[in-house]
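Reproduced below: model_4.csv, with CSV, C-alpha atoms.
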```csv
chain,number,residue,atom,x,y,z
A,1,MET,CA,129.1,77.7,88.4
A,2,THR,CA,129.4,81.2,89.7
A,3,ALA,CA,126.8,83.9,89.2
A,4,GLN,CA,129.2,85.7,86.8
A,5,ASP,CA,129.9,82.6,84.8
A,6,PHE,CA,126.1,82.0,84.4
A,7,ILE,CA,125.4,85.6,83.2
A,8,VAL,CA,128.3,85.6,80.8
A,9,ASP,CA,127.2,82.2,79.4
A,10,LYS,CA,123.7,83.5,78.8
A,11,LEU,CA,125.0,86.6,77.0
A,12,GLN,CA,127.4,84.6,74.9
A,13,ALA,CA,124.6,82.1,74.0
A,14,LEU,CA,122.7,85.0,72.3
A,15,LYS,CA,125.5,85.1,69.7
A,16,GLU,CA,125.2,81.4,68.8
A,17,PRO,CA,123.6,80.8,65.3
A,18,LEU,CA,120.2,79.0,65.1
A,19,ASP,CA,119.5,76.1,62.8
A,20,LEU,CA,116.5,77.6,61.0
A,21,PRO,CA,114.9,76.8,57.6
A,22,GLU,CA,114.5,79.4,54.9
A,23,PHE,CA,111.0,80.7,54.1
A,24,SER,CA,109.4,82.7,51.4
A,25,GLY,CA,106.0,84.0,50.5
A,26,GLY,CA,103.0,83.2,52.8
A,27,GLY,CA,105.0,80.5,54.6
A,28,LEU,CA,107.4,83.1,55.8
A,29,GLU,CA,104.6,85.3,57.3
A,30,ASP,CA,103.0,82.3,59.0
A,31,GLU,CA,106.3,81.3,60.6
A,32,ILE,CA,107.1,84.8,61.8
A,33,VAL,CA,103.7,84.9,63.5
A,34,ARG,CA,104.2,81.4,65.0
A,35,LEU,CA,107.5,82.5,66.4
A,36,ILE,CA,106.2,85.7,67.9
A,37,LEU,CA,103.3,83.8,69.5
A,38,SER,CA,105.5,80.9,70.7
A,39,LYS,CA,104.3,79.3,73.9
A,40,LYS,CA,107.9,79.3,75.1
A,41,PHE,CA,107.5,83.1,75.7
A,42,ARG,CA,103.8,83.8,75.7
A,43,LYS,CA,102.3,83.6,79.2
A,44,TYR,CA,98.6,83.6,78.3
A,45,ALA,CA,96.3,82.8,75.4
A,46,VAL,CA,96.0,85.5,72.7
A,47,SER,CA,92.5,86.5,71.5
A,48,GLU,CA,91.4,85.9,67.9
A,49,GLU,CA,91.2,89.7,67.5
A,50,GLU,CA,94.8,90.2,68.6
A,51,ARG,CA,96.0,87.3,66.5
A,52,ALA,CA,94.4,88.8,63.5
A,53,LYS,CA,96.0,92.2,64.2
A,54,ILE,CA,99.4,90.6,64.5
A,55,ASN,CA,98.9,88.6,61.3
A,56,ASN,CA,97.9,91.8,59.4
A,57,ASP,CA,100.8,93.8,60.9
A,58,VAL,CA,103.3,91.2,59.9
A,59,HIS,CA,101.8,90.9,56.4
A,60,SER,CA,102.0,94.6,55.8
A,61,ARG,CA,105.7,94.7,56.9
A,62,VAL,CA,106.8,91.6,54.9
A,63,ALA,CA,104.9,92.8,51.8
A,64,ASN,CA,107.1,96.0,51.9
A,65,ASN,CA,110.2,94.2,53.1
A,66,GLU,CA,110.2,96.3,56.2
A,67,SER,CA,111.3,95.4,59.8
A,68,ILE,CA,108.6,94.0,62.1
A,69,GLN,CA,107.6,96.7,64.5
A,70,ILE,CA,107.0,95.7,68.2
A,71,LYS,CA,106.5,98.1,71.1
A,72,TYR,CA,106.8,97.4,74.8
A,73,VAL,CA,105.2,100.1,77.0
A,74,PHE,CA,106.4,100.4,80.5
A,75,GLY,CA,106.9,103.0,83.4
A,76,GLY,CA,110.3,104.3,82.4
A,77,TYR,CA,111.6,104.5,86.0
A,78,LYS,CA,113.0,102.4,88.9
A,79,LEU,CA,110.7,102.1,91.9
A,80,TRP,CA,111.7,104.6,94.5
A,81,ARG,CA,111.5,102.1,97.3
A,82,LEU,CA,114.3,100.0,95.9
A,83,ASP,CA,118.0,100.5,96.8
A,84,GLU,CA,118.7,100.2,93.1
A,85,THR,CA,116.8,103.3,92.2
A,86,PRO,CA,117.1,105.4,90.0
A,87,GLU,CA,119.2,103.2,87.6
A,88,VAL,CA,118.5,99.9,85.8
A,89,ASP,CA,119.8,96.7,87.4
A,90,PHE,CA,119.9,93.0,86.5
A,91,ALA,CA,116.1,93.0,86.2
A,92,GLU,CA,116.4,95.1,83.0
A,93,LEU,CA,119.3,93.0,81.8
A,94,PHE,CA,117.5,89.7,82.3
A,95,PHE,CA,114.4,91.1,80.5
A,96,LEU,CA,116.5,92.2,77.5
A,97,ILE,CA,118.2,88.8,77.3
A,98,TYR,CA,114.8,87.2,77.4
A,99,CYS,CA,113.5,89.4,74.6
A,100,VAL,CA,116.5,88.8,72.4
A,101,LYS,CA,116.0,85.0,72.8
A,102,TRP,CA,112.3,85.6,71.8
A,103,LEU,CA,113.0,87.7,68.7
A,104,LYS,CA,116.3,86.1,67.5
A,105,PRO,CA,114.5,83.3,65.5
A,106,VAL,CA,112.4,85.9,63.7
A,107,CYS,CA,115.6,87.7,62.7
A,108,GLY,CA,117.1,84.4,61.6
A,109,ILE,CA,114.4,83.8,59.0
A,110,TYR,CA,113.5,87.4,58.0
A,111,PRO,CA,116.4,89.6,56.8
A,112,ALA,CA,114.6,92.8,57.4
A,113,GLY,CA,114.5,91.9,61.0
A,114,VAL,CA,112.8,93.4,64.0
A,115,GLU,CA,112.7,96.8,65.6
A,116,PHE,CA,111.9,96.3,69.3
A,117,GLU,CA,111.1,99.7,70.9
A,118,LEU,CA,110.5,100.3,74.6
A,119,VAL,CA,107.9,103.0,75.1
A,120,LEU,CA,108.5,105.0,78.3
A,121,ASP,CA,105.6,106.4,80.3
A,122,ASP,CA,108.0,108.5,82.4
A,123,VAL,CA,106.3,111.8,81.4
A,124,ILE,CA,103.5,111.1,83.8
A,125,VAL,CA,105.7,109.8,86.6
A,126,PRO,CA,106.6,113.1,88.3
A,127,ILE,CA,102.9,114.1,88.3
A,128,MET,CA,101.5,110.8,89.4
A,129,ASN,CA,104.2,109.2,91.6
A,130,ASN,CA,106.1,112.3,92.8
A,131,ILE,CA,109.4,111.1,91.4
A,132,PRO,CA,112.0,113.8,90.7
A,133,PRO,CA,112.6,114.4,87.0
A,134,GLU,CA,116.4,114.1,87.5
A,135,ASP,CA,115.8,110.5,88.7
A,136,LEU,CA,114.1,109.8,85.4
A,137,ILE,CA,117.0,111.2,83.4
A,138,LYS,CA,119.4,108.9,85.3
A,139,TYR,CA,117.2,106.0,84.6
A,140,ARG,CA,117.1,106.7,80.8
A,141,GLU,CA,120.8,107.2,80.7
A,142,SER,CA,121.5,103.9,82.4
A,143,LEU,CA,118.9,102.2,80.2
A,144,GLN,CA,120.6,103.5,77.1
A,145,LYS,CA,124.0,102.2,78.3
A,146,LEU,CA,122.4,98.8,78.9
A,147,ILE,CA,120.9,98.7,75.5
A,148,ASP,CA,124.3,99.6,74.0
A,149,PHE,CA,125.8,96.8,76.0
A,150,ILE,CA,123.3,94.1,75.0
A,151,SER,CA,123.4,95.1,71.4
A,152,GLN,CA,126.9,93.6,71.0
A,153,PHE,CA,125.3,90.2,71.5
A,154,THR,CA,122.2,90.6,69.3
A,155,PRO,CA,121.7,89.8,65.6
A,156,LYS,CA,122.5,92.8,63.3
A,157,ASN,CA,118.9,93.0,62.2
A,158,LEU,CA,117.5,93.3,65.7
A,159,GLN,CA,117.3,96.9,66.7
A,160,ILE,CA,116.5,97.7,70.3
A,161,SER,CA,115.7,101.3,71.3
A,162,PHE,CA,113.4,103.4,73.4
A,163,LYS,CA,111.1,106.4,73.0
A,164,ARG,CA,109.4,108.6,75.5
A,165,VAL,CA,105.6,109.2,75.3
A,166,GLY,CA,106.5,112.8,76.1
A,167,ASP,CA,108.5,113.1,72.9
A,168,LEU,CA,105.4,112.4,70.9
A,169,TYR,CA,104.4,116.0,71.7
A,170,GLY,CA,106.1,119.2,70.4
A,171,THR,CA,106.4,120.6,73.9
A,172,HIS,CA,105.7,119.6,77.5
A,173,ASP,CA,102.9,122.2,77.7
A,174,GLU,CA,101.3,120.5,74.7
A,175,PHE,CA,101.3,117.2,76.6
A,176,LEU,CA,99.8,118.9,79.7
A,177,GLU,CA,97.0,120.4,77.7
A,178,ASP,CA,96.2,117.0,76.3
A,179,LEU,CA,96.3,115.5,79.8
A,180,GLU,CA,94.0,118.2,81.2
A,181,LYS,CA,91.5,117.5,78.3
A,182,SER,CA,91.6,113.8,79.1
A,183,LEU,CA,91.1,114.5,82.8
A,184,ALA,CA,88.0,116.5,82.1
A,185,GLU,CA,86.6,113.7,80.0
A,186,THR,CA,87.5,110.9,82.4
A,187,GLU,CA,85.3,110.0,85.4
A,188,MET,CA,86.7,110.2,88.9
A,189,PRO,CA,86.6,106.6,90.3
A,190,LYS,CA,84.1,106.1,93.1
A,191,LYS,CA,85.6,103.0,94.5
A,192,LEU,CA,89.0,101.4,94.0
A,193,THR,CA,89.8,97.7,93.9
A,194,ALA,CA,92.2,96.2,96.3
A,195,GLU,CA,94.6,95.7,93.4
A,196,GLN,CA,94.4,99.4,92.4
A,197,ILE,CA,95.0,100.5,96.0
A,198,ALA,CA,98.0,98.2,96.3
A,199,THR,CA,99.5,99.5,93.1
A,200,ILE,CA,99.0,103.1,94.0
A,201,GLU,CA,100.5,102.7,97.5
A,202,LEU,CA,103.5,100.8,96.0
A,203,ASN,CA,104.3,103.4,93.4
A,204,VAL,CA,103.5,106.8,94.8
A,205,CYS,CA,105.9,108.5,97.1
A,206,THR,CA,103.2,110.3,99.0
A,207,SER,CA,103.5,114.0,99.7
A,208,ARG,CA,102.4,115.7,103.0
A,209,ASN,CA,99.3,117.0,101.3
A,210,GLN,CA,98.3,113.6,100.1
A,211,LYS,CA,98.7,112.1,103.5
A,212,GLU,CA,96.2,114.6,104.8
A,213,ASP,CA,93.7,113.8,101.9
A,214,ALA,CA,91.4,110.8,102.4
A,215,PHE,CA,90.8,110.7,98.6
A,216,TRP,CA,94.3,110.9,97.3
A,217,ARG,CA,94.3,107.4,96.0
A,218,GLU,CA,91.2,108.1,93.9
A,219,GLU,CA,92.8,111.2,92.5
A,220,ILE,CA,95.9,109.3,91.5
A,221,GLN,CA,93.7,106.6,89.8
A,222,HIS,CA,91.9,109.5,88.0
A,223,ILE,CA,95.2,110.8,86.7
A,224,HIS,CA,96.3,107.3,85.7
A,225,ASP,CA,93.0,106.6,83.8
A,226,ALA,CA,93.1,110.0,82.1
A,227,TYR,CA,96.8,109.4,81.0
A,228,MET,CA,95.7,106.1,79.4
A,229,GLY,CA,93.4,108.1,77.2
A,230,ILE,CA,95.6,110.9,76.0
A,231,SER,CA,95.4,111.3,72.2
A,232,ARG,CA,98.9,110.3,71.1
A,233,ARG,CA,99.9,107.4,73.4
A,234,ARG,CA,97.9,104.4,72.3
A,235,PRO,CA,97.8,105.2,68.6
A,236,TYR,CA,101.6,105.2,68.6
A,237,TYR,CA,102.0,101.6,69.8
A,238,ARG,CA,98.8,100.1,68.4
A,239,ARG,CA,98.6,101.7,64.9
A,240,ASP,CA,98.4,99.7,61.7
A,241,GLY,CA,101.6,97.8,61.1
A,242,VAL,CA,102.6,98.0,64.8
A,243,PHE,CA,101.7,95.8,67.7
A,244,ASP,CA,102.7,95.7,71.3
A,245,ALA,CA,103.8,93.1,73.9
A,246,LEU,CA,103.1,93.4,77.6
A,247,ALA,CA,104.7,92.3,80.8
A,248,SER,CA,101.6,91.1,82.6
A,249,ARG,CA,97.9,91.2,82.6
A,250,PRO,CA,95.5,93.0,82.2
A,251,PRO,CA,94.2,93.2,79.6
A,252,MET,CA,93.7,89.5,78.8
A,253,GLY,CA,93.8,88.5,75.2
A,254,ARG,CA,96.8,90.7,74.4
A,255,LEU,CA,100.3,89.4,73.7
A,256,ILE,CA,101.7,89.0,77.2
A,257,ILE,CA,105.3,87.7,77.2
A,258,GLY,CA,106.3,88.4,80.8
A,259,THR,CA,109.8,89.5,81.7
A,260,THR,CA,111.7,86.2,82.1
A,261,LYS,CA,111.1,82.6,81.4
A,262,THR,CA,109.4,82.1,84.7
A,263,SER,CA,108.2,85.7,85.6
A,264,ILE,CA,105.6,88.3,84.8
A,265,MET,CA,107.0,90.6,87.5
A,266,LYS,CA,107.5,94.1,86.0
A,267,PHE,CA,111.3,94.8,85.8
A,268,TRP,CA,111.0,98.5,86.6
A,269,VAL,CA,109.4,97.8,90.0
A,270,GLY,CA,111.6,94.8,90.8
A,271,VAL,CA,115.3,93.8,91.0
A,272,GLY,CA,117.1,91.0,89.3
A,273,ALA,CA,118.3,88.0,91.3
A,274,LEU,CA,119.5,84.4,90.6
A,275,LYS,CA,117.7,81.4,91.9
A,276,PRO,CA,119.9,78.3,92.3
A,277,LYS,CA,118.9,75.4,90.0
A,278,GLY,CA,121.1,72.4,90.4
A,279,ASP,CA,124.6,73.4,89.3
A,280,SER,CA,123.1,76.5,87.5
A,281,PHE,CA,120.6,79.3,88.1
A,282,ASP,CA,117.3,80.7,87.0
A,283,MET,CA,117.0,84.4,86.3
A,284,ALA,CA,114.4,85.9,88.6
A,285,ILE,CA,112.8,89.4,89.1
A,286,LEU,CA,111.8,90.0,92.7
A,287,SER,CA,109.2,92.5,94.0
A,288,SER,CA,109.9,94.7,97.0
A,289,ASN,CA,107.7,92.4,99.1
A,290,GLN,CA,109.6,89.3,97.9
A,291,LEU,CA,112.9,91.1,98.7
A,292,ALA,CA,111.7,91.7,102.2
A,293,ASN,CA,110.9,88.0,102.8
A,294,ALA,CA,113.7,86.3,100.8
A,295,ASP,CA,117.0,85.0,102.0
A,296,PHE,CA,119.9,85.7,99.7
A,297,ASN,CA,123.6,86.4,99.5
A,298,PHE,CA,125.4,88.8,97.3
A,299,GLU,CA,128.0,87.6,94.7
A,300,SER,CA,130.5,89.9,93.1
A,301,VAL,CA,130.2,90.5,89.4
A,302,SER,CA,132.5,92.2,87.0
A,303,ILE,CA,131.5,91.9,83.3
A,304,ASP,CA,133.4,94.0,80.8
A,305,GLY,CA,131.2,96.7,79.4
A,306,LEU,CA,128.4,96.2,81.9
A,307,SER,CA,128.7,99.4,84.0
A,308,GLY,CA,126.6,101.2,86.5
A,309,LYS,CA,126.1,101.2,90.3
A,310,ASN,CA,123.9,98.1,90.2
A,311,PHE,CA,126.1,95.7,88.3
A,312,SER,CA,129.0,95.0,90.6
A,313,LYS,CA,127.1,92.4,92.7
A,314,ILE,CA,123.9,90.3,92.4
A,315,ARG,CA,121.6,88.7,94.8
A,316,VAL,CA,121.7,84.9,94.9
A,317,MET,CA,118.7,83.4,96.7
A,318,ILE,CA,119.3,80.8,99.4
A,319,ASP,CA,117.3,77.6,99.1
A,320,ALA,CA,114.8,77.2,101.9
```

Reformat the file's structure so that it appears as C-alpha cells.
Amino acid sequence: MTAQDFIVDKLQALKEPLDLPEFSGGGLEDEIVRLILSKKFRKYAVSEEERAKINNDVHSRVANNESIQIKYVFGGYKLWRLDETPEVDFAELFFLIYCVKWLKPVCGIYPAGVEFELVLDDVIVPIMNNIPPEDLIKYRESLQKLIDFISQFTPKNLQISFKRVGDLYGTHDEFLEDLEKSLAETEMPKKLTAEQIATIELNVCTSRNQKEDAFWREEIQHIHDAYMGISRRRPYYRRDGVFDALASRPPMGRLIIGTTKTSIMKFWVGVGALKPKGDSFDMAILSSNQLANADFNFESVSIDGLSGKNFSKIRVMIDA
C-alpha cells in the first residue's frame, strides 16, 4: 500500500455508515456521553466534576434539540522552526480525521449533531512568540481550506469551524486593554519549571533584546499566565452547555483526546508522518526533536482537493 492509498482509504472510510441503534429520552443522553468519553479516543481518566459538566451540557442541548457544542483550544499557528510553517500540513489533516471518527457515532444517533469548533489563540502569538501576523493569516487561510476539504467526508450534521479568541473582542485595542489588566493582576513567576523553559524556548522566536535579557523567559511566562486569565477566553469555551476537549495534559481530569490514535503531540507544533505497520501505516505527529532524530523518506501525494504547499509529499518513517 502506498502512502497516498492509505490516506485516501482513511478519508473514504469516514463516509461509511455505522451500524448504530436508535435512542430516545435519557438513554440517548447517556449514549452520547458514553461515546464522547469513549476510551478509544480519551487518553486519560476524566474527573467526576468534568463528567458531571459534560452530562449537564449534553442534557441541556438534547432537551432543546440543539447540536452538541465542543470546543478545542489551540495555538492557531504552525511552529516557526518547521519547514512546513506557516501553513497546515498532514498533522492537521490526521487530527481532523481522528476527530471525525470520534464524533461520527454521536452524529449517527443524534440528528441535531455536533458543532466542533477550533478556538485559535493566535491573537497572543505575535506578542508572546514574535511570529509575524501575516504568517498567522496564512495559517488560518490554509486551515479553512483543509476544513472545507475534510467536510466532504463528514456527516451532514457534523459542523467543523474555527473562531479566534481575538474576535471575541470588538477591537484589538479592547483585547490589549484586557490583557494589560490581567498582566497587572498576575504574579510574575519567580522560578520556572524545566517543562516551562523547554516550551518557551521551543515556541519563541527570540528577539535581540530578549537574548540580552536574563529574565526574558519569566516575562514570556508572565504574558502566558496573564493571557490565560483574560476575561472573555475561558468563559467562551467552558460556559454552560459548552465543554472543551484538549490535546494533552495538563490539566488532568479534563477531557484529553490527544491528536491521533497513538499521539498526544500537538499538531500545530509538529508535522504529520506515516509509520509503517505491516502492509499499512499508522498516522503519526512528530515534534521537531523527533524529526531531527528520525529516519524517513518522502513519498509523493496527489489527492484531489487537498491543496497547499505541504500536501504534495509526506514523510514515511523508516523502521529501525

Considering all atoms listed in the file, can you say which of A:Tyr44, A:Tyr72, A:Phe296, A:Tyr237 comes closest to Phe116 (chain A)? A:Tyr72

Separation of CA of Gly76 (chain A) from CA of Phe162 (chain A) in Å: 9.6 Å

Would you kindly return, as a ChimeraX atom specification, each protein, DNA or RNA residue with an atom no farther than 10 Å from any atom of Asp5 (chain A), considering all atoms listed in the file and excluding same-chain residues fewer than 3 positions away? /A:1-2,8-10,280,301,303

Writer output for current selection, C-alpha atoms, as a PDB file, in the frame of the given file:
```
ATOM      1  CA  MET A   1     129.100  77.700  88.400  1.00  0.00           C
ATOM      2  CA  THR A   2     129.400  81.200  89.700  1.00  0.00           C
ATOM      3  CA  VAL A   8     128.300  85.600  80.800  1.00  0.00           C
ATOM      4  CA  ASP A   9     127.200  82.200  79.400  1.00  0.00           C
ATOM      5  CA  LYS A  10     123.700  83.500  78.800  1.00  0.00           C
ATOM      6  CA  SER A 280     123.100  76.500  87.500  1.00  0.00           C
ATOM      7  CA  VAL A 301     130.200  90.500  89.400  1.00  0.00           C
ATOM      8  CA  ILE A 303     131.500  91.900  83.300  1.00  0.00           C
TER       9      ILE A 303
END
```

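Distance-wise, CA of Ala294 (chain A) and CA of Met317 (chain A) end up 7.1 Å apart.
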
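Atom pair CA of Tyr236 (chain A) / CA of Lys71 (chain A): separated by 9.0 Å.
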
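Across A:Ile124, A:Arg239, A:Glu219, A:Ile257, the tightest approach to Ser38 (chain A) is made by A:Ile257 when counting only C-alpha atoms.
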
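Excluding Ile147 (chain A) and any residue on its chain fewer than 6 positions from it, the residues at most 10 Å away by only C-alpha atoms are Glu92, Leu93, Leu96, Glu141, Gln159, Ile160, Ser161 and Phe162 of chain A.
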
Choose the residue, out of A:Ile318, A:Arg254, A:Glu29, A:Lys145, that has the smallest atom-to-atom separation from Ser60 (chain A); count only C-alpha atoms. A:Glu29

Find the residue from A:Leu11, A:Leu79, A:Leu35, A:Met252 that sits nearest to Tyr139 (chain A); use all atoms listed in the file when measuring. A:Leu79

Close residues, Ser231 (chain A) itself excluded, 9 Å, all atoms listed in the file, min 6 positions apart in chain, as an MDAnalysis selection string: chainID A and resid 178:179 182

Residues within 7 Å of Ile70 (chain A), please, as a ChimeraX atom specification. Count all atoms listed in the file; anything in the same chain fewer than 2 positions from it doesn't count. /A:68,72,115-117,242-244

Pull C-alpha atoms from the residues just selected and write them as a PDB file, in the frame of the given file.
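Wrote selection_38.pdb, looks like this:
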```pdb
ATOM      1  CA  ILE A  68     108.600  94.000  62.100  1.00  0.00           C
ATOM      2  CA  TYR A  72     106.800  97.400  74.800  1.00  0.00           C
ATOM      3  CA  GLU A 115     112.700  96.800  65.600  1.00  0.00           C
ATOM      4  CA  PHE A 116     111.900  96.300  69.300  1.00  0.00           C
ATOM      5  CA  GLU A 117     111.100  99.700  70.900  1.00  0.00           C
ATOM      6  CA  VAL A 242     102.600  98.000  64.800  1.00  0.00           C
ATOM      7  CA  PHE A 243     101.700  95.800  67.700  1.00  0.00           C
ATOM      8  CA  ASP A 244     102.700  95.700  71.300  1.00  0.00           C
TER       9      ASP A 244
END
```

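When the distance limit is 9 Å and all atoms listed in the file are what count, the residues near region 21-23 of chain A, minus those fewer than 6 positions from it on the same chain, are Glu29, Glu31, Gly108, Ile109 and Tyr110 of chain A.
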